[in-house]
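K.L.:
Input file: my_file.pdb. Contents: PDB, C-alpha atoms, pLDDT in the B column.
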ATOM      1  CA  MET A 259       0.000   0.000   0.000  1.00 34.00           C
ATOM      2  CA  ARG A 260       2.502   2.615  -1.179  1.00 46.00           C
ATOM      3  CA  LEU A 261       3.100   4.838  -4.127  1.00 56.00           C
ATOM      4  CA  ASN A 262       4.774   3.036  -6.942  1.00 68.00           C
ATOM      5  CA  THR A 263       8.554   3.485  -6.752  1.00 87.00           C
ATOM      6  CA  LYS A 264       8.503   4.626 -10.386  1.00 90.00           C
ATOM      7  CA  CYS A 265       7.325   8.003  -9.117  1.00 92.00           C
ATOM      8  CA  SER A 266      10.310   8.520  -6.820  1.00 94.00           C
ATOM      9  CA  ILE A 267      12.665   7.338  -9.572  1.00 96.00           C
ATOM     10  CA  ALA A 268      11.029   9.754 -12.021  1.00 97.00           C
ATOM     11  CA  LEU A 269      11.353  12.627  -9.551  1.00 97.00           C
ATOM     12  CA  HIS A 270      15.008  11.711  -8.993  1.00 97.00           C
ATOM     13  CA  CYS A 271      15.513  11.837 -12.769  1.00 97.00           C
ATOM     14  CA  LEU A 272      13.685  15.157 -13.110  1.00 98.00           C
ATOM     15  CA  ILE A 273      15.779  16.769 -10.378  1.00 97.00           C
ATOM     16  CA  PHE A 274      18.931  15.410 -12.020  1.00 97.00           C
ATOM     17  CA  ILE A 275      17.825  16.676 -15.434  1.00 97.00           C
ATOM     18  CA  SER A 276      16.953  20.061 -14.009  1.00 97.00           C
ATOM     19  CA  GLU A 277      20.342  20.374 -12.327  1.00 95.00           C
ATOM     20  CA  TYR A 278      22.523  19.051 -15.153  1.00 95.00           C
ATOM     21  CA  GLU A 279      20.723  19.433 -18.510  1.00 92.00           C
ATOM     22  CA  ASN A 280      22.768  22.537 -19.342  1.00 91.00           C
ATOM     23  CA  ARG A 281      26.080  21.061 -18.132  1.00 93.00           C
ATOM     24  CA  THR A 282      26.181  17.562 -19.574  1.00 93.00           C
ATOM     25  CA  LYS A 283      24.282  15.160 -21.785  1.00 94.00           C
ATOM     26  CA  VAL A 284      21.769  13.522 -19.445  1.00 95.00           C
ATOM     27  CA  THR A 285      21.336   9.973 -20.748  1.00 93.00           C
ATOM     28  CA  SER A 286      19.465   6.953 -19.446  1.00 92.00           C
ATOM     29  CA  GLU A 287      22.817   5.370 -18.565  1.00 93.00           C
ATOM     30  CA  LEU A 288      23.812   8.389 -16.486  1.00 94.00           C
ATOM     31  CA  LEU A 289      20.416   8.432 -14.777  1.00 96.00           C
ATOM     32  CA  ALA A 290      20.666   4.682 -14.164  1.00 95.00           C
ATOM     33  CA  ARG A 291      23.948   5.172 -12.319  1.00 96.00           C
ATOM     34  CA  SER A 292      22.458   8.004 -10.249  1.00 96.00           C
ATOM     35  CA  THR A 293      19.239   6.176  -9.353  1.00 96.00           C
ATOM     36  CA  GLY A 294      20.663   2.683  -8.973  1.00 95.00           C
ATOM     37  CA  CYS A 295      18.142   1.340 -11.500  1.00 94.00           C
ATOM     38  CA  ASN A 296      18.870  -0.385 -14.763  1.00 93.00           C
ATOM     39  CA  SER A 297      18.876   1.775 -17.881  1.00 92.00           C
ATOM     40  CA  ALA A 298      15.912  -0.108 -19.418  1.00 94.00           C
ATOM     41  CA  ALA A 299      13.730   0.882 -16.452  1.00 94.00           C
ATOM     42  CA  ILE A 300      14.959   4.473 -16.762  1.00 95.00           C
ATOM     43  CA  ARG A 301      14.163   4.516 -20.491  1.00 94.00           C
ATOM     44  CA  SER A 302      10.645   3.306 -19.720  1.00 95.00           C
ATOM     45  CA  ILE A 303      10.143   6.097 -17.187  1.00 96.00           C
ATOM     46  CA  LEU A 304      11.637   8.712 -19.524  1.00 96.00           C
ATOM     47  CA  ASN A 305       9.362   7.482 -22.313  1.00 96.00           C
ATOM     48  CA  ALA A 306       6.285   7.973 -20.108  1.00 96.00           C
ATOM     49  CA  LEU A 307       7.472  11.452 -19.103  1.00 97.00           C
ATOM     50  CA  GLN A 308       8.117  12.309 -22.735  1.00 97.00           C
ATOM     51  CA  LYS A 309       4.665  11.100 -23.835  1.00 97.00           C
ATOM     52  CA  ALA A 310       3.182  13.390 -21.172  1.00 96.00           C
ATOM     53  CA  GLY A 311       5.168  16.331 -22.564  1.00 97.00           C
ATOM     54  CA  ILE A 312       7.167  16.762 -19.365  1.00 98.00           C
ATOM     55  CA  ILE A 313      10.556  16.159 -20.976  1.00 97.00           C
ATOM     56  CA  SER A 314      12.145  15.849 -24.390  1.00 95.00           C
ATOM     57  CA  VAL A 315      14.716  13.202 -25.185  1.00 93.00           C
ATOM     58  CA  VAL A 316      17.034  13.730 -28.122  1.00 88.00           C
ATOM     59  CA  ARG A 317      17.379  10.395 -29.895  1.00 80.00           C
ATOM     60  CA  GLY A 318      20.706   9.383 -31.330  1.00 74.00           C
ATOM     61  CA  VAL A 319      22.976  11.934 -29.684  1.00 73.00           C
ATOM     62  CA  GLY A 320      21.063  11.566 -26.428  1.00 74.00           C
ATOM     63  CA  GLY A 321      20.168  13.950 -23.710  1.00 91.00           C
ATOM     64  CA  ALA A 322      17.001  14.684 -21.749  1.00 95.00           C
ATOM     65  CA  TYR A 323      15.582  18.160 -21.174  1.00 95.00           C
ATOM     66  CA  LEU A 324      12.686  19.601 -19.188  1.00 97.00           C
ATOM     67  CA  ASN A 325       9.894  21.004 -21.350  1.00 97.00           C
ATOM     68  CA  ARG A 326       8.303  22.956 -18.522  1.00 94.00           C
ATOM     69  CA  SER A 327       9.388  25.169 -15.716  1.00 96.00           C
ATOM     70  CA  PRO A 328       9.853  23.281 -12.429  1.00 98.00           C
ATOM     71  CA  LYS A 329       7.552  25.905 -10.873  1.00 98.00           C
ATOM     72  CA  GLU A 330       4.689  24.689 -13.086  1.00 97.00           C
ATOM     73  CA  LEU A 331       5.241  20.939 -12.896  1.00 98.00           C
ATOM     74  CA  THR A 332       3.370  19.206 -10.081  1.00 98.00           C
ATOM     75  CA  LEU A 333       4.013  15.916  -8.393  1.00 96.00           C
ATOM     76  CA  TRP A 334       0.550  14.821  -9.538  1.00 95.00           C
ATOM     77  CA  GLU A 335       1.458  15.398 -13.202  1.00 96.00           C
ATOM     78  CA  VAL A 336       4.561  13.256 -12.820  1.00 96.00           C
ATOM     79  CA  TYR A 337       2.661  10.500 -11.038  1.00 94.00           C
ATOM     80  CA  HIS A 338      -0.169  10.632 -13.573  1.00 93.00           C
ATOM     81  CA  ALA A 339       2.315  10.351 -16.459  1.00 95.00           C
ATOM     82  CA  LEU A 340       3.563   7.095 -14.945  1.00 92.00           C
ATOM     83  CA  GLU A 341       0.192   5.815 -13.723  1.00 88.00           C
ATOM     84  CA  PRO A 342      -2.467   6.938 -16.228  1.00 82.00           C
ATOM     85  CA  ASP A 343      -5.188   5.235 -14.187  1.00 78.00           C
ATOM     86  CA  GLY A 344      -4.447   7.716 -11.433  1.00 74.00           C
ATOM     87  CA  LEU A 345      -4.858   6.490  -7.906  1.00 74.00           C
ATOM     88  CA  ASP A 346      -7.196   3.602  -8.731  1.00 69.00           C
ATOM     89  CA  HIS A 347      -4.549   1.194  -7.492  1.00 65.00           C
ATOM     90  CA  PHE A 348      -3.135   3.382  -4.721  1.00 70.00           C
ATOM     91  CA  ILE A 349      -5.104   1.424  -2.148  1.00 75.00           C
ATOM     92  CA  GLY A 350      -6.378  -1.774  -3.661  1.00 73.00           C
ATOM     93  CA  PHE A 351      -9.034  -4.214  -2.666  1.00 75.00           C
ATOM     94  CA  HIS A 352      -7.833  -7.658  -1.779  1.00 78.00           C
ATOM     95  CA  PRO A 353      -8.636  -9.720  -4.857  1.00 79.00           C
ATOM     96  CA  ASN A 354     -10.540 -12.738  -3.589  1.00 83.00           C
ATOM     97  CA  PRO A 355     -12.979 -12.022  -0.770  1.00 84.00           C
ATOM     98  CA  SER A 356     -15.506 -14.793  -0.391  1.00 88.00           C
ATOM     99  CA  ASN A 357     -18.878 -14.076  -2.006  1.00 88.00           C
ATOM    100  CA  LYS A 358     -20.324 -16.647   0.378  1.00 92.00           C
ATOM    101  CA  CYS A 359     -19.234 -14.662   3.425  1.00 93.00           C
ATOM    102  CA  PRO A 360     -21.549 -11.823   4.563  1.00 92.00           C
ATOM    103  CA  VAL A 361     -18.516  -9.628   5.327  1.00 92.00           C
ATOM    104  CA  GLY A 362     -16.439 -10.645   2.307  1.00 90.00           C
ATOM    105  CA  LYS A 363     -19.117  -9.940  -0.264  1.00 88.00           C
ATOM    106  CA  ARG A 364     -19.758  -6.447   1.126  1.00 90.00           C
ATOM    107  CA  MET A 365     -16.189  -5.213   1.556  1.00 89.00           C
ATOM    108  CA  PRO A 366     -15.734  -3.676  -1.918  1.00 85.00           C
ATOM    109  CA  SER A 367     -18.883  -1.548  -1.542  1.00 89.00           C
ATOM    110  CA  VAL A 368     -17.995  -0.630   2.065  1.00 91.00           C
ATOM    111  CA  LEU A 369     -14.474   0.503   1.160  1.00 89.00           C
ATOM    112  CA  LYS A 370     -15.212   2.189  -2.176  1.00 87.00           C
ATOM    113  CA  LYS A 371     -16.212   5.593  -0.774  1.00 90.00           C
ATOM    114  CA  PRO A 372     -13.488   5.995   1.865  1.00 91.00           C
ATOM    115  CA  TYR A 373     -10.811   4.797  -0.569  1.00 87.00           C
ATOM    116  CA  HIS A 374     -12.048   7.327  -3.132  1.00 87.00           C
ATOM    117  CA  GLU A 375     -11.878  10.091  -0.516  1.00 91.00           C
ATOM    118  CA  ILE A 376      -8.336   9.074   0.437  1.00 90.00           C
ATOM    119  CA  GLY A 377      -7.332   9.076  -3.239  1.00 88.00           C
ATOM    120  CA  GLU A 378      -8.778  12.549  -3.767  1.00 91.00           C
ATOM    121  CA  ALA A 379      -6.913  13.873  -0.725  1.00 93.00           C
ATOM    122  CA  VAL A 380      -3.656  12.380  -2.011  1.00 91.00           C
ATOM    123  CA  LYS A 381      -4.255  13.862  -5.470  1.00 92.00           C
ATOM    124  CA  LYS A 382      -4.981  17.304  -4.027  1.00 96.00           C
ATOM    125  CA  THR A 383      -1.804  17.183  -1.960  1.00 96.00           C
ATOM    126  CA  MET A 384       0.269  16.066  -4.950  1.00 95.00           C
ATOM    127  CA  GLU A 385      -1.186  18.879  -7.050  1.00 97.00           C
ATOM    128  CA  GLY A 386       0.123  21.338  -4.468  1.00 98.00           C
ATOM    129  CA  ILE A 387       3.735  20.166  -4.639  1.00 98.00           C
ATOM    130  CA  THR A 388       5.929  21.332  -7.511  1.00 98.00           C
ATOM    131  CA  LEU A 389       9.222  20.133  -8.869  1.00 98.00           C
ATOM    132  CA  GLN A 390      10.580  23.534  -7.868  1.00 98.00           C
ATOM    133  CA  GLN A 391       9.782  22.806  -4.222  1.00 98.00           C
ATOM    134  CA  LEU A 392      11.668  19.523  -4.477  1.00 97.00           C
ATOM    135  CA  LEU A 393      14.585  21.295  -6.176  1.00 97.00           C
ATOM    136  CA  ASP A 394      14.636  23.906  -3.410  1.00 96.00           C
ATOM    137  CA  ASP A 395      14.737  21.138  -0.797  1.00 96.00           C
ATOM    138  CA  TYR A 396      17.465  19.331  -2.745  1.00 95.00           C
ATOM    139  CA  ARG A 397      19.556  22.475  -3.013  1.00 94.00           C
ATOM    140  CA  SER A 398      19.195  23.333   0.673  1.00 93.00           C
ATOM    141  CA  ASN A 399      20.048  19.842   1.901  1.00 81.00           C
ATOM    142  CA  ASP A 400      23.456  20.031   3.571  1.00 66.00           C
ATOM    143  CA  GLU A 401      23.622  16.412   4.685  1.00 62.00           C
ATOM    144  CA  LEU A 402      26.234  15.404   2.102  1.00 55.00           C
TER     145      LEU A 402
END
Rewrite the coordinates I just gave you, this time as structure tokens.
P.N.:
Amino acid sequence: MRLNTKCSIALHCLIFISEYENRTKVTSELLARSTGCNSAAIRSILNALQKAGIISVVRGVGGAYLNRSPKELTLWEVYHALEPDGLDHFIGFHPNPSNKCPVGKRMPSVLKKPYHEIGEAVKKTMEGITLQQLLDDYRSNDEL
């Protein structure tokens, strides 16, 4: 019951791109080394971000670039680019409750409304967080 790790990897990549796109060619191999993921997984994430218009990737010579200002890009937009179904699977129903059990057969209808409300609250919160806020936190972090 947690956000897909693709979102944190994508945000890692977007912060890296934002910091280095004007200094070096930001490739999937470079992002793979930074994130600790394999380059195929990074290419999949970059492809989803590109389809959503968040980044551009120059084929052949390589290099990823932000298409939008970090001040305008929300966490929700990044998440939604990776999970087009939104938060439908954020909190899932267990798949096989017994239809013969009076509790089991009612659980999906009992949980539908509160799960929807939780999803809407998460979405609203994510819409209020920008990549710029994450960049500001990254830049002010003195732990290294």
K.L.:
Write out as a PDB file with C-alpha atoms, in the coordinates of the input which residues come within 8 Å of region 276-290 of chain A when counting all atoms listed in the file, dropping same-chain ones fewer than 6 positions away.
P.N.:
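Ended up saving to result-v8.pdb:
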ATOM      1  CA  ASN A 296      18.870  -0.385 -14.763  1.00 93.00           C
ATOM      2  CA  SER A 297      18.876   1.775 -17.881  1.00 92.00           C
ATOM      3  CA  ALA A 298      15.912  -0.108 -19.418  1.00 94.00           C
ATOM      4  CA  ILE A 300      14.959   4.473 -16.762  1.00 95.00           C
ATOM      5  CA  ARG A 301      14.163   4.516 -20.491  1.00 94.00           C
ATOM      6  CA  GLY A 320      21.063  11.566 -26.428  1.00 74.00           C
ATOM      7  CA  GLY A 321      20.168  13.950 -23.710  1.00 91.00           C
ATOM      8  CA  ALA A 322      17.001  14.684 -21.749  1.00 95.00           C
ATOM      9  CA  TYR A 323      15.582  18.160 -21.174  1.00 95.00           C
ATOM     10  CA  LEU A 324      12.686  19.601 -19.188  1.00 97.00           C
ATOM     11  CA  PRO A 328       9.853  23.281 -12.429  1.00 98.00           C
TER      12      PRO A 328
END
K.L.:
Written as number ranges by chain, what is the full residue list that the PyMOL selection byres ((chain A and resi 351) around 12) yields on the file shown?
P.N.:
A: 259, 346-350, 352-355, 362-370, 373-374
K.L.:
For Ala339 (chain A), which residue among A:Ile387, A:Ile273, A:Val316, A:Ile303 is the nearest when counting all atoms listed in the file?
P.N.:
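Checking each candidate against Ala339 (chain A), we get A:Ile303 as the closest.
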K.L.:
Can you work out the spacing between CA of Gly311 (chain A) and CA of Ile376 (chain A) in Å, to one decimal?
P.N.:
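Computing it gives 27.6 Å between the two atoms.
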K.L.:
Taking all atoms of region 339-353 of chain A that the file lists and extending 6 Å past them on each side, where is the centre of the axis-aligned box and how long are its edges? Answer in Å to one decimal, as JSON.
P.N.:
{"center_x": -2.7, "center_y": 0.3, "center_z": -9.1, "size_x": 24.6, "size_y": 32.1, "size_z": 26.7}
K.L.:
Starting from the shown file, work through the PyMOL selection byres ((chain A and resi 329) around 10) and note down what comes out as a VMD selection string.
P.N.:
chain A and resid 326 to 328 330 to 332 387 to 393
K.L.:
Generate a file for region 323-372 of chain A, containing C-alpha atoms, as a PDB file, in the first residue's frame.
P.N.:
ATOM      1  CA  TYR A 323      15.582  18.160 -21.174  1.00  0.00           C
ATOM      2  CA  LEU A 324      12.686  19.601 -19.188  1.00  0.00           C
ATOM      3  CA  ASN A 325       9.894  21.004 -21.350  1.00  0.00           C
ATOM      4  CA  ARG A 326       8.303  22.956 -18.522  1.00  0.00           C
ATOM      5  CA  SER A 327       9.388  25.169 -15.716  1.00  0.00           C
ATOM      6  CA  PRO A 328       9.853  23.281 -12.429  1.00  0.00           C
ATOM      7  CA  LYS A 329       7.552  25.905 -10.873  1.00  0.00           C
ATOM      8  CA  GLU A 330       4.689  24.689 -13.086  1.00  0.00           C
ATOM      9  CA  LEU A 331       5.241  20.939 -12.896  1.00  0.00           C
ATOM     10  CA  THR A 332       3.370  19.206 -10.081  1.00  0.00           C
ATOM     11  CA  LEU A 333       4.013  15.916  -8.393  1.00  0.00           C
ATOM     12  CA  TRP A 334       0.550  14.821  -9.538  1.00  0.00           C
ATOM     13  CA  GLU A 335       1.458  15.398 -13.202  1.00  0.00           C
ATOM     14  CA  VAL A 336       4.561  13.256 -12.820  1.00  0.00           C
ATOM     15  CA  TYR A 337       2.661  10.500 -11.038  1.00  0.00           C
ATOM     16  CA  HIS A 338      -0.169  10.632 -13.573  1.00  0.00           C
ATOM     17  CA  ALA A 339       2.315  10.351 -16.459  1.00  0.00           C
ATOM     18  CA  LEU A 340       3.563   7.095 -14.945  1.00  0.00           C
ATOM     19  CA  GLU A 341       0.192   5.815 -13.723  1.00  0.00           C
ATOM     20  CA  PRO A 342      -2.467   6.938 -16.228  1.00  0.00           C
ATOM     21  CA  ASP A 343      -5.188   5.235 -14.187  1.00  0.00           C
ATOM     22  CA  GLY A 344      -4.447   7.716 -11.433  1.00  0.00           C
ATOM     23  CA  LEU A 345      -4.858   6.490  -7.906  1.00  0.00           C
ATOM     24  CA  ASP A 346      -7.196   3.602  -8.731  1.00  0.00           C
ATOM     25  CA  HIS A 347      -4.549   1.194  -7.492  1.00  0.00           C
ATOM     26  CA  PHE A 348      -3.135   3.382  -4.721  1.00  0.00           C
ATOM     27  CA  ILE A 349      -5.104   1.424  -2.148  1.00  0.00           C
ATOM     28  CA  GLY A 350      -6.378  -1.774  -3.661  1.00  0.00           C
ATOM     29  CA  PHE A 351      -9.034  -4.214  -2.666  1.00  0.00           C
ATOM     30  CA  HIS A 352      -7.833  -7.658  -1.779  1.00  0.00           C
ATOM     31  CA  PRO A 353      -8.636  -9.720  -4.857  1.00  0.00           C
ATOM     32  CA  ASN A 354     -10.540 -12.738  -3.589  1.00  0.00           C
ATOM     33  CA  PRO A 355     -12.979 -12.022  -0.770  1.00  0.00           C
ATOM     34  CA  SER A 356     -15.506 -14.793  -0.391  1.00  0.00           C
ATOM     35  CA  ASN A 357     -18.878 -14.076  -2.006  1.00  0.00           C
ATOM     36  CA  LYS A 358     -20.324 -16.647   0.378  1.00  0.00           C
ATOM     37  CA  CYS A 359     -19.234 -14.662   3.425  1.00  0.00           C
ATOM     38  CA  PRO A 360     -21.549 -11.823   4.563  1.00  0.00           C
ATOM     39  CA  VAL A 361     -18.516  -9.628   5.327  1.00  0.00           C
ATOM     40  CA  GLY A 362     -16.439 -10.645   2.307  1.00  0.00           C
ATOM     41  CA  LYS A 363     -19.117  -9.940  -0.264  1.00  0.00           C
ATOM     42  CA  ARG A 364     -19.758  -6.447   1.126  1.00  0.00           C
ATOM     43  CA  MET A 365     -16.189  -5.213   1.556  1.00  0.00           C
ATOM     44  CA  PRO A 366     -15.734  -3.676  -1.918  1.00  0.00           C
ATOM     45  CA  SER A 367     -18.883  -1.548  -1.542  1.00  0.00           C
ATOM     46  CA  VAL A 368     -17.995  -0.630   2.065  1.00  0.00           C
ATOM     47  CA  LEU A 369     -14.474   0.503   1.160  1.00  0.00           C
ATOM     48  CA  LYS A 370     -15.212   2.189  -2.176  1.00  0.00           C
ATOM     49  CA  LYS A 371     -16.212   5.593  -0.774  1.00  0.00           C
ATOM     50  CA  PRO A 372     -13.488   5.995   1.865  1.00  0.00           C
TER      51      PRO A 372
END
